[in-house]
file target_30.tsv (TSV, C-alpha atoms)
chain	number	residue	atom	x	y	z
A	255	MET	CA	2.60	-6.44	-32.84
A	256	PHE	CA	2.94	-9.90	-31.27
A	257	GLN	CA	1.09	-12.82	-32.75
A	258	GLN	CA	0.69	-14.75	-29.51
A	259	LEU	CA	1.26	-14.19	-25.81
A	260	GLY	CA	1.95	-17.29	-23.74
A	261	LEU	CA	0.82	-16.37	-20.23
A	262	ILE	CA	1.98	-18.60	-17.38
A	263	GLY	CA	-0.04	-17.56	-14.34
A	264	CYS	CA	-3.44	-16.00	-14.98
A	265	GLY	CA	-3.74	-13.91	-11.82
A	266	LEU	CA	-3.89	-10.18	-11.18
A	267	ILE	CA	-0.53	-9.20	-12.67
A	268	GLY	CA	-0.45	-11.71	-15.51
A	269	GLY	CA	-4.06	-11.02	-16.39
A	270	SER	CA	-3.53	-7.27	-16.31
A	271	PHE	CA	-0.53	-7.61	-18.62
A	272	ALA	CA	-2.60	-9.60	-21.11
A	273	LEU	CA	-5.41	-7.03	-21.00
A	274	ALA	CA	-2.92	-4.17	-21.38
A	275	LEU	CA	-1.42	-5.75	-24.50
A	276	ARG	CA	-4.89	-6.24	-25.94
A	277	GLN	CA	-5.98	-2.67	-25.28
A	278	ALA	CA	-2.78	-1.33	-26.81
A	279	GLY	CA	-3.28	-3.49	-29.89
A	280	LEU	CA	0.00	-5.32	-29.27
A	281	VAL	CA	-1.16	-8.93	-29.40
A	282	ARG	CA	-3.51	-11.01	-31.55
A	283	GLN	CA	-4.02	-14.04	-29.34
A	284	VAL	CA	-3.43	-14.96	-25.69
A	285	VAL	CA	-2.95	-18.54	-24.55
A	286	GLY	CA	-2.89	-18.97	-20.79
A	287	TYR	CA	-2.02	-21.57	-18.20
A	288	SER	CA	-2.39	-21.58	-14.44
A	289	LYS	CA	-1.66	-24.30	-11.94
A	290	SER	CA	-5.35	-24.26	-11.07
A	291	PRO	CA	-7.53	-25.23	-14.06
A	292	SER	CA	-10.41	-23.23	-12.58
A	293	THR	CA	-8.27	-20.09	-12.67
A	294	THR	CA	-7.41	-20.71	-16.31
A	295	GLU	CA	-11.07	-21.22	-17.15
A	296	ARG	CA	-12.10	-18.10	-15.25
A	297	ALA	CA	-9.51	-16.08	-17.18
A	298	ARG	CA	-11.00	-17.40	-20.42
A	299	GLN	CA	-14.55	-16.56	-19.32
A	300	LEU	CA	-13.48	-13.02	-18.48
A	301	GLY	CA	-11.81	-12.56	-21.86
A	302	VAL	CA	-8.35	-12.19	-20.35
A	303	ILE	CA	-7.11	-15.11	-22.43
A	304	ASP	CA	-8.47	-16.60	-25.64
A	305	THR	CA	-7.52	-20.20	-24.96
A	306	GLY	CA	-6.52	-22.19	-21.90
A	307	ALA	CA	-3.64	-24.63	-22.16
A	308	PRO	CA	-3.36	-27.85	-20.12
A	309	SER	CA	0.33	-27.26	-19.38
A	310	ALA	CA	2.89	-24.47	-19.26
A	311	LEU	CA	4.76	-26.07	-22.14
A	312	GLN	CA	1.68	-26.04	-24.36
A	313	ALA	CA	0.89	-22.45	-23.40
A	314	VAL	CA	4.17	-21.22	-24.90
A	315	ALA	CA	4.00	-23.27	-28.10
A	316	GLY	CA	3.92	-20.80	-30.99
A	317	ALA	CA	4.19	-17.75	-28.73
A	318	ASP	CA	6.48	-14.87	-29.71
A	319	ILE	CA	6.18	-13.31	-26.23
A	320	VAL	CA	5.95	-15.24	-22.96
A	321	VAL	CA	5.39	-13.87	-19.46
A	322	LEU	CA	5.80	-15.81	-16.24
A	323	ALA	CA	3.50	-14.53	-13.51
A	324	VAL	CA	4.23	-17.26	-10.98
A	325	PRO	CA	5.65	-17.25	-7.44
A	326	VAL	CA	9.38	-16.50	-7.52
A	327	ALA	CA	10.13	-19.87	-5.94
A	328	ALA	CA	8.51	-21.55	-8.96
A	329	THR	CA	10.57	-19.64	-11.55
A	330	GLU	CA	13.29	-22.21	-12.20
A	331	SER	CA	10.98	-25.20	-12.44
A	332	THR	CA	8.64	-23.29	-14.74
A	333	LEU	CA	11.45	-22.15	-17.01
A	334	SER	CA	12.76	-25.71	-17.19
A	335	ALA	CA	9.28	-26.94	-18.10
A	336	ILE	CA	8.82	-24.49	-20.99
A	337	ARG	CA	12.37	-24.25	-22.34
A	338	HIS	CA	11.90	-26.70	-25.18
A	339	GLY	CA	8.72	-24.97	-26.34
A	340	LEU	CA	10.22	-21.51	-26.73
A	341	GLY	CA	10.97	-20.10	-30.17
A	342	GLU	CA	14.44	-18.88	-31.07
A	343	GLN	CA	13.28	-15.23	-30.98
A	344	THR	CA	10.62	-15.45	-28.27
A	345	LEU	CA	10.78	-12.57	-25.80
A	346	LEU	CA	10.59	-14.09	-22.31
A	347	MET	CA	9.93	-12.09	-19.15
A	348	ASP	CA	8.84	-12.67	-15.57
A	349	VAL	CA	7.17	-10.29	-13.10
A	350	GLY	CA	8.75	-11.44	-9.83
A	351	SER	CA	9.35	-9.15	-6.86
A	352	THR	CA	12.93	-10.30	-6.32
A	353	LYS	CA	15.45	-10.50	-9.10
A	354	GLY	CA	18.77	-11.96	-7.94
A	355	ASP	CA	17.25	-15.42	-7.53
A	356	VAL	CA	15.26	-15.06	-10.76
A	357	VAL	CA	18.36	-14.15	-12.76
A	358	GLN	CA	20.24	-17.17	-11.45
A	359	ALA	CA	17.24	-19.43	-12.07
A	360	GLY	CA	17.07	-18.19	-15.65
A	361	LEU	CA	20.74	-18.81	-16.32
A	362	ARG	CA	20.52	-22.33	-14.92
A	363	ALA	CA	17.25	-23.38	-16.54
A	364	LEU	CA	17.30	-21.73	-19.96
A	365	GLN	CA	20.78	-22.60	-21.18
A	366	HIS	CA	21.08	-21.44	-24.81
A	367	GLN	CA	17.70	-19.67	-24.55
A	368	ALA	CA	18.93	-17.35	-21.79
A	369	GLY	CA	19.59	-14.57	-24.28
A	370	ASN	CA	15.85	-14.09	-24.76
A	371	PHE	CA	15.14	-13.71	-21.03
A	372	VAL	CA	14.63	-10.18	-19.66
A	373	PRO	CA	13.59	-10.31	-15.98
A	374	ALA	CA	11.07	-7.61	-15.06
A	375	HIS	CA	9.35	-6.32	-11.95
A	376	PRO	CA	6.27	-4.11	-12.36
A	377	ILE	CA	5.77	-2.03	-9.20
A	378	ALA	CA	2.02	-2.36	-9.37
A	379	GLY	CA	-0.74	-4.25	-7.66
A	380	LYS	CA	-3.92	-4.02	-5.63
A	381	GLU	CA	-5.14	-4.92	-2.17
A	382	VAL	CA	-7.04	-7.77	-3.79
A	383	ALA	CA	-5.69	-10.65	-5.86
A	384	GLY	CA	-7.10	-12.82	-8.62
A	385	VAL	CA	-7.84	-12.55	-12.30
A	386	GLU	CA	-11.25	-11.05	-11.49
A	387	HIS	CA	-9.45	-7.86	-10.52
A	388	ALA	CA	-7.16	-7.67	-13.54
A	389	GLU	CA	-7.29	-4.41	-15.48
A	390	GLY	CA	-5.50	-3.16	-18.55
A	391	ALA	CA	-4.59	0.18	-17.00
A	392	LEU	CA	-2.83	-1.32	-13.98
A	393	PHE	CA	0.67	-0.39	-15.21
A	394	VAL	CA	-0.08	3.12	-16.44
A	395	GLY	CA	2.30	5.54	-14.72
A	396	ARG	CA	3.87	2.75	-12.67
A	397	HIS	CA	7.53	1.86	-12.57
A	398	VAL	CA	8.64	-1.36	-14.22
A	399	ILE	CA	12.21	-2.37	-13.43
A	400	LEU	CA	14.09	-4.52	-15.92
A	401	THR	CA	17.13	-6.44	-14.69
A	402	PRO	CA	18.77	-7.99	-17.77
A	403	THR	CA	21.06	-10.92	-17.14
A	404	GLU	CA	24.64	-11.08	-18.38
A	405	ARG	CA	23.31	-13.07	-21.33
A	406	SER	CA	20.20	-11.05	-22.21
A	407	ARG	CA	20.45	-9.93	-25.83
A	408	ALA	CA	20.36	-6.18	-26.39
A	409	GLU	CA	17.56	-6.45	-28.95
A	410	GLN	CA	15.39	-8.37	-26.50
A	411	VAL	CA	16.01	-5.81	-23.77
A	412	GLN	CA	14.92	-3.10	-26.20
A	413	ARG	CA	11.79	-5.05	-27.10
A	414	ALA	CA	10.96	-5.39	-23.40
A	415	ILE	CA	11.41	-1.65	-22.88
A	416	GLU	CA	9.11	-0.92	-25.82
A	417	VAL	CA	6.41	-3.33	-24.66
A	418	TRP	CA	6.18	-1.95	-21.15
A	419	SER	CA	6.39	1.64	-22.42
A	420	ARG	CA	3.56	1.04	-24.89
A	421	ILE	CA	1.24	-0.05	-22.07
A	422	GLY	CA	1.99	3.09	-20.08
A	423	ALA	CA	4.73	2.00	-17.69
A	424	ARG	CA	7.76	4.04	-16.64
A	425	VAL	CA	10.64	1.71	-17.44
A	426	LEU	CA	13.91	1.59	-15.49
A	427	THR	CA	16.86	-0.73	-16.03
A	428	MET	CA	19.24	-1.78	-13.25
A	429	GLY	CA	21.25	-4.72	-12.01
A	430	ALA	CA	19.51	-7.45	-10.04
A	431	ALA	CA	21.54	-6.73	-6.89
A	432	SER	CA	20.67	-3.03	-7.01
A	433	HIS	CA	17.00	-3.88	-7.52
A	434	ASP	CA	16.91	-6.22	-4.54
A	435	ALA	CA	18.67	-3.71	-2.29
A	436	ALA	CA	16.29	-0.93	-3.30
A	437	LEU	CA	13.14	-3.02	-2.94
A	438	ALA	CA	14.28	-4.36	0.42
A	439	ALA	CA	14.42	-0.76	1.64
A	440	VAL	CA	11.19	0.61	0.19
A	441	SER	CA	8.92	-2.44	-0.03
A	442	HIS	CA	10.09	-5.60	1.68
A	443	LEU	CA	11.16	-4.06	5.00
A	444	PRO	CA	8.00	-1.88	5.25
A	445	HIS	CA	5.92	-5.03	4.89
A	446	LEU	CA	7.98	-6.80	7.55
A	447	LEU	CA	7.53	-3.83	9.90
A	448	ALA	CA	3.79	-3.73	9.25
A	449	PHE	CA	3.43	-7.44	9.99
A	450	ALA	CA	5.47	-7.11	13.19
A	451	PHE	CA	3.58	-4.02	14.33
A	452	MET	CA	0.14	-5.56	13.81
A	453	GLN	CA	1.25	-8.64	15.71
A	454	SER	CA	2.70	-6.58	18.55
A	455	VAL	CA	-0.56	-4.68	19.03
A	456	ALA	CA	-2.99	-7.52	18.39
A	457	GLN	CA	-1.35	-9.86	20.91
A	458	GLN	CA	-1.87	-7.38	23.76
A	459	PRO	CA	-5.01	-7.84	25.90
A	460	ASP	CA	-6.69	-4.67	24.63
A	461	GLY	CA	-5.05	-4.74	21.19
A	462	ALA	CA	-8.19	-5.40	19.17
A	463	ARG	CA	-9.98	-2.46	20.81
A	464	TRP	CA	-6.99	-0.20	20.27
A	465	LEU	CA	-6.88	-1.05	16.57
A	466	GLU	CA	-10.53	0.00	16.28
A	467	LEU	CA	-9.50	3.48	17.43
A	468	ALA	CA	-6.92	3.93	14.67
A	469	GLY	CA	-7.38	7.02	12.52
A	470	PRO	CA	-7.00	7.63	8.76
A	471	GLY	CA	-3.22	7.86	9.04
A	472	PHE	CA	-3.16	4.19	10.01
A	473	ARG	CA	-4.97	3.08	6.84
A	474	ASP	CA	-1.93	2.65	4.60
A	475	PHE	CA	-0.02	0.83	7.31
A	476	SER	CA	-2.84	-1.63	7.90
A	477	ARG	CA	-3.22	-2.10	4.15
A	478	ILE	CA	0.43	-3.12	3.91
A	479	ALA	CA	-0.06	-5.61	6.74
A	480	ALA	CA	-2.92	-7.21	4.81
A	481	GLY	CA	-0.50	-8.65	2.22
A	482	ASP	CA	-0.88	-12.26	1.14
A	483	PRO	CA	1.00	-14.36	3.76
A	484	THR	CA	2.35	-16.93	1.32
A	485	VAL	CA	3.52	-14.34	-1.20
A	486	TRP	CA	5.27	-12.21	1.41
A	487	ARG	CA	6.80	-15.18	3.19
A	488	ASP	CA	8.47	-16.18	-0.07
A	489	ILE	CA	9.58	-12.62	-0.91
A	490	LEU	CA	11.15	-12.01	2.50
A	491	LEU	CA	12.99	-15.31	2.43
A	492	ALA	CA	14.14	-14.87	-1.17
A	493	ASN	CA	15.64	-11.46	-0.37
A	494	ARG	CA	16.64	-12.25	3.19
A	495	GLU	CA	20.16	-10.76	3.15
A	496	GLU	CA	19.02	-7.35	1.92
A	497	VAL	CA	15.94	-7.36	4.15
A	498	LEU	CA	18.07	-8.08	7.22
A	499	ARG	CA	20.55	-5.38	6.20
A	500	GLN	CA	17.75	-2.84	5.92
A	501	SER	CA	16.22	-4.09	9.16
A	502	GLN	CA	19.50	-3.37	10.95
A	503	ALA	CA	19.59	0.16	9.54
A	504	PHE	CA	16.04	0.67	10.78
A	505	ARG	CA	16.91	-0.66	14.23
A	506	GLU	CA	19.75	1.85	14.49
A	507	ALA	CA	17.45	4.71	13.54
A	508	LEU	CA	14.79	3.51	15.98
A	509	VAL	CA	17.29	3.27	18.83
A	510	SER	CA	18.31	6.87	18.12
A	511	PHE	CA	14.69	8.05	18.31
A	512	GLU	CA	14.12	6.04	21.51
A	513	ALA	CA	17.19	7.58	23.13
A	514	GLN	CA	15.94	11.10	22.38
A	515	ILE	CA	12.51	10.28	23.80
A	516	ALA	CA	13.98	8.68	26.92
A	517	ALA	CA	16.21	11.72	27.48
A	518	GLY	CA	13.37	14.16	26.90
A	519	ASP	CA	15.48	15.73	24.15
A	520	ALA	CA	12.82	17.88	22.47
A	521	THR	CA	15.30	19.64	20.20
A	522	GLY	CA	17.01	16.47	18.97
A	523	LEU	CA	13.72	14.64	18.53
A	524	GLY	CA	12.17	17.54	16.66
A	525	ASP	CA	15.17	17.78	14.35
A	526	ALA	CA	15.05	14.03	13.62
A	527	ILE	CA	11.34	14.14	12.85
A	528	GLY	CA	11.93	17.17	10.65
A	529	ARG	CA	14.60	15.36	8.65
A	530	ALA	CA	12.23	12.44	8.12
A	531	SER	CA	9.44	14.78	7.06
A	532	ARG	CA	11.67	16.60	4.59
A	533	ALA	CA	12.86	13.31	3.12
A	534	ARG	CA	9.24	12.23	2.62
A	535	ALA	CA	8.33	15.59	1.04
A	536	ALA	CA	11.19	15.26	-1.43
A	537	LEU	CA	9.77	11.93	-2.59
A	538	LYS	CA	6.19	13.17	-2.98
A	539	PRO	CA	6.11	12.91	-6.80
A	540	ALA	CA	6.84	9.19	-6.53
A	541	PHE	CA	3.59	8.72	-4.60
A	542	SER	CA	1.41	10.88	-6.83
A	543	HIS	CA	0.31	8.20	-9.31
call {"tool": "encode", "arguments": {"input": "target_30.tsv", "output": "structure tokens"}}
result
Amino acid sequence: MFQQLGLIGCGLIGGSFALALRQAGLVRQVVGYSKSPSTTERARQLGVIDTGAPSALQAVAGADIVVLAVPVAATESTLSAIRHGLGEQTLLMDVGSTKGDVVQAGLRALQHQAGNFVPAHPIAGKEVAGVEHAEGALFVGRHVILTPTERSRAEQVQRAIEVWSRIGARVLTMGAASHDAALAAVSHLPHLLAFAFMQSVAQQPDGARWLELAGPGFRDFSRIAAGDPTVWRDILLANREEVLRQSQAFREALVSFEAQIAAGDATGLGDAIGRASRARAALKPAFSH
């Protein structure tokens, strides 16, 4: 049981984490802060937080668990702002989508407090953003990846594992570089492709009419392309090296498919499609929750 959660960023993910802790009986009080005072007040009205704080530093005062749910680019400045308000045993986590930059930001900003920092990335979300859509069950059955730094204390890593497990998440631990490579392949590049595809169709004279003819199979692709522009701009730039590496691998695969189509190679094309289909079928359990 935690006495107080200091929540920095009262949006969908941060708000859902606060609600999940409440529903699991893991926290007594939640103090929240968002850059926008209206967001903080809305979170209070909805019962996501108990009290709104006027600053990030004041939100963490007295907290024994702190979660940063802010844009990755704001991680270092936020950690610097709250460092002096953190307790000696306070468990500190973030929920950013990239981890290499977050780890380095933590090491630079936290200094002697770095041992309490356990970077985390919950693979969860919705098509809509905002604290109004926060829900306590958001993380149930979802992967949460922890990427401890070289200075993260073992007992704090264990506490982080227990917290996320208690609210229903499937917890994995890996290095920040491995996380960023994996997410570039299965999340960041797919978003980049979706953005590029929608642009390529929409900019054609009849593109809007063509998009109206899209069937159910197009739904997930269009949903990906509807991602928040600012959020995805920052993610793609933060993980640019891995995204570009994965983009090159995709280009090579695409060129191979194009060559088979151009040559009318029905056998080769069928085999390639079959391999892709079998790879997708092998991953089916990962998409079942």
call {"tool": "residues_around", "arguments": {"input": "target_30.tsv", "residues": "Val398 (chain A)", "least_positions_apart": "4", "cutoff": "10 Å", "atoms": "all atoms listed in the file", "output": "JSON, numbers by chain"}}
result
{"A": [349, 374, 375, 376, 377, 378, 393, 415, 418, 419, 422, 423, 424, 425, 426, 427]}
call {"tool": "residues_around", "arguments": {"input": "target_30.tsv", "residues": "His387 (chain A)", "least_positions_apart": "6", "cutoff": "9 Å", "atoms": "all atoms listed in the file", "output": "list in words"}}
result
Gly265, Leu266, Gly269, Ser270 and Lys380 of chain A
call {"tool": "atom_distance", "arguments": {"input": "target_30.tsv", "atom1": "CA of Leu322 (chain A)", "atom2": "CA of Arg494 (chain A)"}}
result
22.5 Å
call {"tool": "closest_residue", "arguments": {"input": "target_30.tsv", "among": "A:Thr294, A:Asn370, A:Ser309, A:Gln257", "to": "Leu340 (chain A)", "atoms": "all atoms listed in the file"}}
result
A:Asn370
call {"tool": "closest_residue", "arguments": {"input": "target_30.tsv", "among": "A:Gly429, A:Gly379, A:Gly518, A:Gly471", "to": "Ile399 (chain A)", "atoms": "only C-alpha atoms"}}
result
A:Gly429
call {"tool": "residues_around", "arguments": {"input": "target_30.tsv", "residues": "Met452 (chain A)", "least_positions_apart": "2", "cutoff": "10 Å", "atoms": "all atoms listed in the file", "output": "ChimeraX atom specification"}}
result
/A:447-450,454-457,461-462,465,475-476,479-480
call {"tool": "residues_around", "arguments": {"input": "target_30.tsv", "residues": "Asp348 (chain A)", "least_positions_apart": "6", "cutoff": "12 Å", "atoms": "all atoms listed in the file", "output": "tab-separated table (two decimals) with C-alpha atoms, keeping the file's coordinate frame"}}
result
chain	number	residue	atom	x	y	z
A	260	GLY	CA	1.95	-17.29	-23.74
A	261	LEU	CA	0.82	-16.37	-20.23
A	262	ILE	CA	1.98	-18.60	-17.38
A	263	GLY	CA	-0.04	-17.56	-14.34
A	267	ILE	CA	-0.53	-9.20	-12.67
A	268	GLY	CA	-0.45	-11.71	-15.51
A	271	PHE	CA	-0.53	-7.61	-18.62
A	319	ILE	CA	6.18	-13.31	-26.23
A	320	VAL	CA	5.95	-15.24	-22.96
A	321	VAL	CA	5.39	-13.87	-19.46
A	322	LEU	CA	5.80	-15.81	-16.24
A	323	ALA	CA	3.50	-14.53	-13.51
A	324	VAL	CA	4.23	-17.26	-10.98
A	325	PRO	CA	5.65	-17.25	-7.44
A	326	VAL	CA	9.38	-16.50	-7.52
A	328	ALA	CA	8.51	-21.55	-8.96
A	329	THR	CA	10.57	-19.64	-11.55
A	330	GLU	CA	13.29	-22.21	-12.20
A	332	THR	CA	8.64	-23.29	-14.74
A	333	LEU	CA	11.45	-22.15	-17.01
A	355	ASP	CA	17.25	-15.42	-7.53
A	356	VAL	CA	15.26	-15.06	-10.76
A	357	VAL	CA	18.36	-14.15	-12.76
A	359	ALA	CA	17.24	-19.43	-12.07
A	360	GLY	CA	17.07	-18.19	-15.65
A	370	ASN	CA	15.85	-14.09	-24.76
A	371	PHE	CA	15.14	-13.71	-21.03
A	372	VAL	CA	14.63	-10.18	-19.66
A	373	PRO	CA	13.59	-10.31	-15.98
A	374	ALA	CA	11.07	-7.61	-15.06
A	375	HIS	CA	9.35	-6.32	-11.95
A	376	PRO	CA	6.27	-4.11	-12.36
A	398	VAL	CA	8.64	-1.36	-14.22
A	399	ILE	CA	12.21	-2.37	-13.43
A	400	LEU	CA	14.09	-4.52	-15.92
A	401	THR	CA	17.13	-6.44	-14.69
A	402	PRO	CA	18.77	-7.99	-17.77
A	414	ALA	CA	10.96	-5.39	-23.40
call {"tool": "atom_distance", "arguments": {"input": "target_30.tsv", "atom1": "CA of Gly469 (chain A)", "atom2": "CA of Ser441 (chain A)"}}
result
22.6 Å
call {"tool": "decode", "arguments": {"input": "target_30.tsv", "residues": "region 311-377 of chain A", "atoms": "C-alpha atoms", "output": "PDB file, in the first residue's frame"}}
result
ATOM      1  CA  LEU A 311       7.438  19.896  -7.285  1.00  0.00           C
ATOM      2  CA  GLN A 312       4.477  20.306  -4.955  1.00  0.00           C
ATOM      3  CA  ALA A 313       2.727  17.290  -6.464  1.00  0.00           C
ATOM      4  CA  VAL A 314       5.552  14.975  -5.370  1.00  0.00           C
ATOM      5  CA  ALA A 315       5.952  16.393  -1.860  1.00  0.00           C
ATOM      6  CA  GLY A 316       5.201  13.565   0.563  1.00  0.00           C
ATOM      7  CA  ALA A 317       4.622  11.004  -2.190  1.00  0.00           C
ATOM      8  CA  ASP A 318       6.041   7.490  -1.837  1.00  0.00           C
ATOM      9  CA  ILE A 319       5.316   6.714  -5.511  1.00  0.00           C
ATOM     10  CA  VAL A 320       5.620   9.182  -8.394  1.00  0.00           C
ATOM     11  CA  VAL A 321       4.692   8.660 -12.035  1.00  0.00           C
ATOM     12  CA  LEU A 322       5.616  10.966 -14.896  1.00  0.00           C
ATOM     13  CA  ALA A 323       3.050  10.857 -17.684  1.00  0.00           C
ATOM     14  CA  VAL A 324       4.494  13.691 -19.743  1.00  0.00           C
ATOM     15  CA  PRO A 325       5.849  13.936 -23.305  1.00  0.00           C
ATOM     16  CA  VAL A 326       9.225  12.204 -23.543  1.00  0.00           C
ATOM     17  CA  ALA A 327      10.872  15.469 -24.557  1.00  0.00           C
ATOM     18  CA  ALA A 328       9.784  16.965 -21.217  1.00  0.00           C
ATOM     19  CA  THR A 329      11.245  14.138 -19.103  1.00  0.00           C
ATOM     20  CA  GLU A 330      14.562  15.723 -18.159  1.00  0.00           C
ATOM     21  CA  SER A 331      13.165  19.133 -17.297  1.00  0.00           C
ATOM     22  CA  THR A 332      10.393  17.541 -15.243  1.00  0.00           C
ATOM     23  CA  LEU A 333      12.789  15.305 -13.341  1.00  0.00           C
ATOM     24  CA  SER A 334      15.020  18.283 -12.623  1.00  0.00           C
ATOM     25  CA  ALA A 335      12.018  20.224 -11.344  1.00  0.00           C
ATOM     26  CA  ILE A 336      10.908  17.517  -8.893  1.00  0.00           C
ATOM     27  CA  ARG A 337      14.263  16.092  -7.787  1.00  0.00           C
ATOM     28  CA  HIS A 338      14.488  18.026  -4.553  1.00  0.00           C
ATOM     29  CA  GLY A 339      10.957  17.046  -3.540  1.00  0.00           C
ATOM     30  CA  LEU A 340      11.452  13.293  -3.824  1.00  0.00           C
ATOM     31  CA  GLY A 341      11.788  11.148  -0.723  1.00  0.00           C
ATOM     32  CA  GLU A 342      14.791   8.898  -0.214  1.00  0.00           C
ATOM     33  CA  GLN A 343      12.680   5.771  -0.870  1.00  0.00           C
ATOM     34  CA  THR A 344      10.176   7.177  -3.364  1.00  0.00           C
ATOM     35  CA  LEU A 345       9.533   4.847  -6.297  1.00  0.00           C
ATOM     36  CA  LEU A 346       9.763   6.961  -9.462  1.00  0.00           C
ATOM     37  CA  MET A 347       8.571   5.804 -12.874  1.00  0.00           C
ATOM     38  CA  ASP A 348       7.674   7.290 -16.243  1.00  0.00           C
ATOM     39  CA  VAL A 349       5.409   5.926 -18.996  1.00  0.00           C
ATOM     40  CA  GLY A 350       7.244   7.172 -22.097  1.00  0.00           C
ATOM     41  CA  SER A 351       7.182   5.369 -25.442  1.00  0.00           C
ATOM     42  CA  THR A 352      10.940   5.592 -25.962  1.00  0.00           C
ATOM     43  CA  LYS A 353      13.429   4.605 -23.318  1.00  0.00           C
ATOM     44  CA  GLY A 354      17.015   5.305 -24.382  1.00  0.00           C
ATOM     45  CA  ASP A 355      16.505   9.063 -24.116  1.00  0.00           C
ATOM     46  CA  VAL A 356      14.495   8.676 -20.902  1.00  0.00           C
ATOM     47  CA  VAL A 357      17.230   6.624 -19.244  1.00  0.00           C
ATOM     48  CA  GLN A 358      19.868   9.208 -20.107  1.00  0.00           C
ATOM     49  CA  ALA A 359      17.600  12.045 -18.966  1.00  0.00           C
ATOM     50  CA  GLY A 360      17.102  10.283 -15.643  1.00  0.00           C
ATOM     51  CA  LEU A 361      20.802   9.761 -15.068  1.00  0.00           C
ATOM     52  CA  ARG A 362      21.553  13.405 -15.829  1.00  0.00           C
ATOM     53  CA  ALA A 363      18.703  14.985 -13.892  1.00  0.00           C
ATOM     54  CA  LEU A 364      18.301  12.806 -10.807  1.00  0.00           C
ATOM     55  CA  GLN A 365      21.897  12.471  -9.640  1.00  0.00           C
ATOM     56  CA  HIS A 366      21.866  10.646  -6.278  1.00  0.00           C
ATOM     57  CA  GLN A 367      18.132   9.929  -6.662  1.00  0.00           C
ATOM     58  CA  ALA A 368      18.676   7.893  -9.838  1.00  0.00           C
ATOM     59  CA  GLY A 369      18.548   4.634  -7.898  1.00  0.00           C
ATOM     60  CA  ASN A 370      14.820   5.104  -7.321  1.00  0.00           C
ATOM     61  CA  PHE A 371      14.026   5.600 -11.020  1.00  0.00           C
ATOM     62  CA  VAL A 372      12.567   2.648 -12.938  1.00  0.00           C
ATOM     63  CA  PRO A 373      11.600   3.699 -16.491  1.00  0.00           C
ATOM     64  CA  ALA A 374       8.436   1.992 -17.729  1.00  0.00           C
ATOM     65  CA  HIS A 375       6.419   1.783 -20.917  1.00  0.00           C
ATOM     66  CA  PRO A 376       2.849   0.452 -20.739  1.00  0.00           C
ATOM     67  CA  ILE A 377       1.795  -0.819 -24.177  1.00  0.00           C
TER      68      ILE A 377
END
